[in-house]
$ cat input-v5.csv   # CSV, C-alpha atoms
chain,number,residue,atom,x,y,z
F,20,MET,CA,183.0,-75.9,24.1
F,21,GLU,CA,182.7,-79.4,23.3
F,22,ASP,CA,179.2,-78.8,22.5
F,23,LEU,CA,180.2,-76.0,20.2
F,24,GLU,CA,182.9,-78.2,18.5
F,25,ALA,CA,180.3,-81.0,18.2
F,26,ARG,CA,178.0,-78.5,16.5
F,27,ILE,CA,180.7,-77.2,14.2
F,28,GLN,CA,181.6,-80.8,13.4
F,29,GLN,CA,178.0,-81.6,12.8
F,30,SER,CA,177.7,-78.4,10.7
F,31,LYS,CA,180.7,-79.5,8.7
F,32,GLN,CA,179.2,-82.9,8.2
F,33,ASP,CA,175.9,-81.3,7.2
F,34,ILE,CA,177.8,-79.1,4.8
F,35,MET,CA,179.6,-82.1,3.3
F,36,VAL,CA,176.3,-84.0,3.0
F,37,HIS,CA,174.8,-80.9,1.5
F,38,ASN,CA,177.8,-80.5,-0.9
F,39,GLN,CA,177.5,-84.2,-1.9
F,40,GLU,CA,173.7,-83.7,-2.4
F,41,ALA,CA,174.4,-80.5,-4.3
F,42,ALA,CA,177.0,-82.3,-6.4
F,43,GLN,CA,174.5,-85.1,-6.9
F,44,LEU,CA,171.8,-82.6,-7.9
F,45,HIS,CA,174.3,-80.7,-10.1
F,46,GLY,CA,175.1,-84.0,-11.9
F,47,ASP,CA,171.4,-84.7,-12.1
F,48,LEU,CA,170.8,-81.2,-13.5
F,49,LYS,CA,173.5,-81.8,-16.1
F,50,ASP,CA,171.9,-85.1,-17.0
F,51,ALA,CA,168.5,-83.4,-17.1
F,52,LYS,CA,169.9,-80.6,-19.3
F,53,ALA,CA,171.4,-83.2,-21.6
F,54,LYS,CA,168.2,-85.2,-21.7
F,55,TRP,CA,166.0,-82.0,-22.0
F,56,PRO,CA,166.1,-81.7,-25.8
F,57,GLU,CA,165.1,-85.3,-26.1
F,58,VAL,CA,162.4,-85.1,-23.4
F,59,HIS,CA,161.3,-81.7,-24.8
F,60,ASP,CA,161.0,-83.2,-28.3
F,61,VAL,CA,158.9,-86.1,-26.8
F,62,VAL,CA,156.8,-83.7,-24.8
F,63,THR,CA,156.4,-81.3,-27.7
F,64,ALA,CA,155.6,-84.2,-30.0
F,65,ALA,CA,153.0,-85.5,-27.5
F,66,GLU,CA,151.5,-82.0,-27.1
F,67,CYS,CA,151.5,-81.6,-30.9
F,68,LYS,CA,150.0,-85.0,-31.3
F,69,SER,CA,147.4,-84.1,-28.6
F,70,ILE,CA,146.7,-80.8,-30.3
F,71,PHE,CA,146.6,-82.5,-33.7
F,72,MET,CA,144.2,-85.2,-32.4
F,73,GLU,CA,142.0,-82.6,-31.0
F,74,HIS,CA,142.1,-80.7,-34.2
F,75,VAL,CA,141.3,-83.9,-36.1
F,76,LYS,CA,138.3,-84.5,-33.7
F,77,ASN,CA,137.1,-81.0,-34.3
F,78,LEU,CA,137.4,-81.4,-38.0
F,79,GLU,CA,135.6,-84.8,-37.8
F,80,ALA,CA,132.8,-83.1,-35.8
F,81,LYS,CA,132.6,-80.3,-38.4
F,82,LEU,CA,132.6,-82.8,-41.2
F,83,PHE,CA,129.8,-84.8,-39.5
F,84,SER,CA,127.9,-81.6,-39.0
F,85,LYS,CA,128.4,-80.6,-42.6
F,86,THR,CA,127.4,-84.1,-43.8
F,87,GLU,CA,124.2,-83.9,-41.7
F,88,LYS,CA,123.5,-80.4,-43.1
F,89,SER,CA,124.2,-81.8,-46.6
F,90,HIS,CA,121.8,-84.7,-46.1
F,91,VAL,CA,119.2,-82.3,-44.8
F,92,ALA,CA,119.8,-79.9,-47.7
F,93,GLU,CA,119.6,-82.9,-50.2
F,94,GLU,CA,116.3,-84.1,-48.7
F,95,ARG,CA,114.9,-80.6,-49.0
F,96,ARG,CA,116.2,-80.3,-52.6
F,97,ALA,CA,114.6,-83.7,-53.4
F,98,LYS,CA,111.3,-82.6,-51.8
F,99,ILE,CA,111.4,-79.3,-53.8
F,100,GLU,CA,112.3,-81.1,-57.0
F,101,GLU,CA,109.3,-83.5,-56.4
F,102,ARG,CA,107.0,-80.5,-55.8
F,103,LEU,CA,108.4,-78.9,-58.9
F,104,LYS,CA,107.7,-82.0,-61.0
F,105,ARG,CA,104.1,-82.1,-59.7
F,106,PHE,CA,103.7,-78.4,-60.4
F,107,MET,CA,105.1,-78.8,-63.9
F,108,GLU,CA,102.7,-81.8,-64.5
F,109,GLN,CA,99.8,-79.7,-63.3
F,110,ASN,CA,100.8,-76.8,-65.5
F,111,ARG,CA,101.2,-79.2,-68.4
F,112,LEU,CA,97.7,-80.5,-67.8
F,113,HIS,CA,96.3,-76.9,-67.4
F,114,LEU,CA,98.2,-75.8,-70.5
F,115,THR,CA,96.8,-78.8,-72.5
F,116,THR,CA,93.3,-78.0,-71.2
F,117,ASN,CA,93.7,-74.3,-72.0
F,118,ILE,CA,94.9,-75.1,-75.5
F,119,GLU,CA,91.9,-77.3,-76.0
F,120,HIS,CA,89.6,-74.6,-74.7
F,121,ASP,CA,91.2,-72.0,-76.9
F,122,SER,CA,90.7,-74.2,-79.9
F,123,LYS,CA,87.1,-74.8,-79.0
F,124,ILE,CA,86.6,-71.1,-78.3
F,125,SER,CA,88.1,-70.1,-81.7
F,126,THR,CA,86.0,-72.7,-83.4
F,127,THR,CA,82.9,-71.5,-81.6
F,128,LYS,CA,83.8,-67.9,-82.5
F,129,ALA,CA,84.1,-68.8,-86.1
F,130,LYS,CA,80.7,-70.6,-86.0
F,131,ASN,CA,79.2,-67.6,-84.2
F,132,GLU,CA,80.5,-65.2,-86.8
F,133,LYS,CA,79.1,-67.4,-89.6
F,134,LEU,CA,75.8,-67.6,-87.8
F,135,GLN,CA,75.8,-63.8,-87.2
F,136,SER,CA,76.5,-63.3,-90.9
F,137,LYS,CA,73.6,-65.7,-91.8
F,138,ILE,CA,71.3,-63.9,-89.3
F,139,TYR,CA,72.3,-60.5,-90.9
F,140,LYS,CA,71.5,-61.8,-94.4
F,141,ILE,CA,68.2,-63.3,-93.2
F,142,ARG,CA,67.3,-60.0,-91.6
F,143,GLU,CA,68.1,-58.2,-94.8
F,144,LYS,CA,66.0,-60.6,-96.8
F,145,LEU,CA,63.2,-60.3,-94.2
F,146,GLN,CA,63.5,-56.5,-94.4
F,147,ASP,CA,63.4,-56.7,-98.2
F,148,GLN,CA,60.5,-59.1,-98.0
F,149,GLU,CA,58.7,-56.9,-95.5
F,150,ASP,CA,59.4,-53.8,-97.5
F,151,SER,CA,58.1,-55.7,-100.6
F,152,SER,CA,55.1,-57.1,-98.7
F,153,VAL,CA,54.3,-53.6,-97.4
F,154,PHE,CA,54.6,-52.2,-100.9
F,155,GLU,CA,52.4,-55.0,-102.3
F,156,LYS,CA,49.9,-54.6,-99.5
F,157,THR,CA,49.9,-50.8,-100.1
F,158,TYR,CA,49.6,-51.3,-103.8
F,159,THR,CA,46.8,-53.9,-103.3
F,160,ILE,CA,44.9,-51.6,-101.0
F,161,TYR,CA,45.5,-48.7,-103.4
F,162,HIS,CA,44.4,-50.8,-106.3
F,163,THR,CA,41.4,-52.1,-104.4
F,164,LYS,CA,40.4,-48.6,-103.4
F,165,MET,CA,40.9,-47.4,-106.9
F,166,ASN,CA,38.8,-50.2,-108.2
F,167,THR,CA,36.2,-49.4,-105.6
F,168,LEU,CA,36.4,-45.8,-106.4
F,169,GLU,CA,35.9,-46.5,-110.1
F,170,GLU,CA,33.1,-48.9,-109.3
F,171,ALA,CA,31.6,-46.1,-107.2
F,172,LYS,CA,32.1,-43.6,-110.0
F,173,GLU,CA,30.4,-46.0,-112.4
F,174,GLY,CA,27.6,-46.6,-109.9
F,175,ILE,CA,27.2,-42.9,-109.5
F,176,ALA,CA,27.3,-42.5,-113.3
F,177,ASN,CA,24.7,-45.2,-113.6
F,178,ILE,CA,22.6,-43.6,-110.9
F,179,ASN,CA,23.1,-40.2,-112.7
F,180,ASP,CA,22.1,-41.9,-116.0
F,181,CYS,CA,19.1,-43.4,-114.3
F,182,ILE,CA,18.2,-40.1,-112.8
F,183,ALA,CA,18.8,-38.4,-116.1
F,184,LYS,CA,16.5,-40.9,-117.8
F,185,ALA,CA,13.9,-40.7,-115.3
$ encode --input "input-v5.csv" --output "structure tokens"
Amino acid sequence: MEDLEARIQQSKQDIMVHNQEAAQLHGDLKDAKAKWPEVHDVVTAAECKSIFMEHVKNLEAKLFSKTEKSHVAEERRAKIEERLKRFMEQNRLHLTTNIEHDSKISTTKAKNEKLQSKIYKIREKLQDQEDSSVFEKTYTIYHTKMNTLEEAKEGIANINDCIAKA
């Protein structure tokens, strides 16, 4: 029984130690509960700061990406603008050349029309001259034949006179 009493005594001591530890833990729990809002605020603030810092890093990364894209887009815009300037300069040169050619063509057309008019007038004159020449030749031939015919008639009349005299 001594053994049992020793165990009971030991159990009572263990219970007292456990009660003291429980009381100590209970006190620590009260202290922890009292400090919890402060610690919670610090932890929440730290978490918020960590989340905020990560958000800032993400925003910085996005900003950097957008900046890079902006630089690329600006370079492309500058290249396109340069190509546009060259294209416009080429078009201006072509336009100037076309205007000069159009001017030369219109001048040439006007000269061509004048020459065509002169050719037409010359052809009319030639036709008139040809008609006149043909008429003159025909008249000359007719007149020559008439003269020859009259001479022949006179010759025949002379021969007839000669025959009649003979």
$ atom_distance --input "input-v5.csv" --atom1 "atom CA of Lys137 of chain F" --atom2 "atom CA of Lys156 of chain F"
27.3 Å
$ atom_distance --input "input-v5.csv" --atom1 "atom CA of Val62 of chain F" --atom2 "atom CA of Val75 of chain F"
19.2 Å
$ atom_distance --input "input-v5.csv" --atom1 "atom CA of Gln146 of chain F" --atom2 "atom CA of Glu132 of chain F"
20.6 Å
$ decode --input "input-v5.csv" --residues "segment 74-85 of chain F" --atoms "all heavy atoms" --output "CSV table (one decimal), in the first residue's frame"
chain,number,residue,atom,x,y,z
F,74,HIS,N,2.9,43.1,-55.3
F,74,HIS,CA,2.0,43.8,-56.3
F,74,HIS,C,2.9,44.9,-57.0
F,74,HIS,O,2.8,45.1,-58.2
F,74,HIS,CB,0.8,44.4,-55.6
F,74,HIS,CG,-0.2,45.0,-56.5
F,74,HIS,ND1,-0.9,44.3,-57.4
F,74,HIS,CD2,-0.6,46.3,-56.6
F,74,HIS,CE1,-1.7,45.0,-58.1
F,74,HIS,NE2,-1.6,46.3,-57.6
F,75,VAL,N,3.7,45.6,-56.2
F,75,VAL,CA,4.5,46.7,-56.8
F,75,VAL,C,5.5,46.1,-57.8
F,75,VAL,O,5.7,46.6,-58.9
F,75,VAL,CB,5.3,47.4,-55.7
F,75,VAL,CG1,6.4,48.3,-56.2
F,75,VAL,CG2,4.3,48.3,-54.9
F,76,LYS,N,6.1,44.9,-57.4
F,76,LYS,CA,7.0,44.2,-58.3
F,76,LYS,C,6.3,43.8,-59.6
F,76,LYS,O,6.9,44.0,-60.7
F,76,LYS,CB,7.7,43.0,-57.6
F,76,LYS,CG,8.7,43.3,-56.6
F,76,LYS,CD,9.3,42.0,-56.0
F,76,LYS,CE,10.2,42.4,-54.9
F,76,LYS,NZ,10.7,41.1,-54.2
F,77,ASN,N,5.1,43.3,-59.4
F,77,ASN,CA,4.3,42.9,-60.6
F,77,ASN,C,4.1,44.1,-61.5
F,77,ASN,O,4.2,44.1,-62.7
F,77,ASN,CB,3.0,42.2,-60.2
F,77,ASN,CG,3.2,40.8,-59.7
F,77,ASN,OD1,4.3,40.2,-59.9
F,77,ASN,ND2,2.3,40.3,-59.0
F,78,LEU,N,3.7,45.2,-60.8
F,78,LEU,CA,3.4,46.5,-61.6
F,78,LEU,C,4.7,47.0,-62.3
F,78,LEU,O,4.6,47.4,-63.4
F,78,LEU,CB,2.8,47.5,-60.7
F,78,LEU,CG,1.4,47.3,-60.2
F,78,LEU,CD1,1.0,48.4,-59.2
F,78,LEU,CD2,0.4,47.3,-61.4
F,79,GLU,N,5.8,46.9,-61.6
F,79,GLU,CA,7.1,47.3,-62.2
F,79,GLU,C,7.4,46.5,-63.4
F,79,GLU,O,7.8,47.0,-64.4
F,79,GLU,CB,8.2,47.3,-61.1
F,79,GLU,CG,8.2,48.4,-60.1
F,79,GLU,CD,9.2,48.2,-59.0
F,79,GLU,OE1,9.8,47.1,-58.9
F,79,GLU,OE2,9.5,49.2,-58.4
F,80,ALA,N,7.2,45.1,-63.3
F,80,ALA,CA,7.4,44.2,-64.4
F,80,ALA,C,6.5,44.6,-65.5
F,80,ALA,O,7.0,44.6,-66.7
F,80,ALA,CB,7.2,42.8,-63.9
F,81,LYS,N,5.2,44.8,-65.2
F,81,LYS,CA,4.3,45.2,-66.3
F,81,LYS,C,4.7,46.5,-67.0
F,81,LYS,O,4.7,46.7,-68.2
F,81,LYS,CB,2.9,45.3,-65.8
F,81,LYS,CG,2.2,44.0,-65.5
F,81,LYS,CD,0.8,44.2,-65.0
F,81,LYS,CE,0.2,42.8,-64.7
F,81,LYS,NZ,-1.2,43.0,-64.1
F,82,LEU,N,5.1,47.5,-66.1
F,82,LEU,CA,5.6,48.8,-66.6
F,82,LEU,C,6.8,48.6,-67.5
F,82,LEU,O,6.9,49.2,-68.6
F,82,LEU,CB,5.9,49.7,-65.5
F,82,LEU,CG,6.4,51.1,-65.9
F,82,LEU,CD1,5.3,51.8,-66.7
F,82,LEU,CD2,6.8,51.9,-64.6
F,83,PHE,N,7.7,47.8,-67.1
F,83,PHE,CA,8.9,47.5,-67.9
F,83,PHE,C,8.6,46.9,-69.2
F,83,PHE,O,9.0,47.3,-70.3
F,83,PHE,CB,9.9,46.7,-67.1
F,83,PHE,CG,11.2,46.4,-67.8
F,83,PHE,CD1,12.2,47.3,-68.0
F,83,PHE,CD2,11.4,45.1,-68.4
F,83,PHE,CE1,13.3,47.1,-68.7
F,83,PHE,CE2,12.5,44.8,-69.1
F,83,PHE,CZ,13.5,45.8,-69.3
F,84,SER,N,7.6,45.9,-69.1
F,84,SER,CA,7.2,45.2,-70.4
F,84,SER,C,6.5,46.2,-71.3
F,84,SER,O,6.8,46.2,-72.5
F,84,SER,CB,6.2,44.1,-70.0
F,84,SER,OG,5.7,43.5,-71.1
F,85,LYS,N,5.6,47.1,-70.7
F,85,LYS,CA,4.9,48.1,-71.5
F,85,LYS,C,5.9,49.1,-72.1
F,85,LYS,O,5.8,49.5,-73.3
F,85,LYS,CB,3.9,48.8,-70.7
F,85,LYS,CG,2.8,48.0,-70.2
F,85,LYS,CD,1.8,47.6,-71.3
F,85,LYS,CE,0.6,46.8,-70.7
F,85,LYS,NZ,-0.3,46.3,-71.6
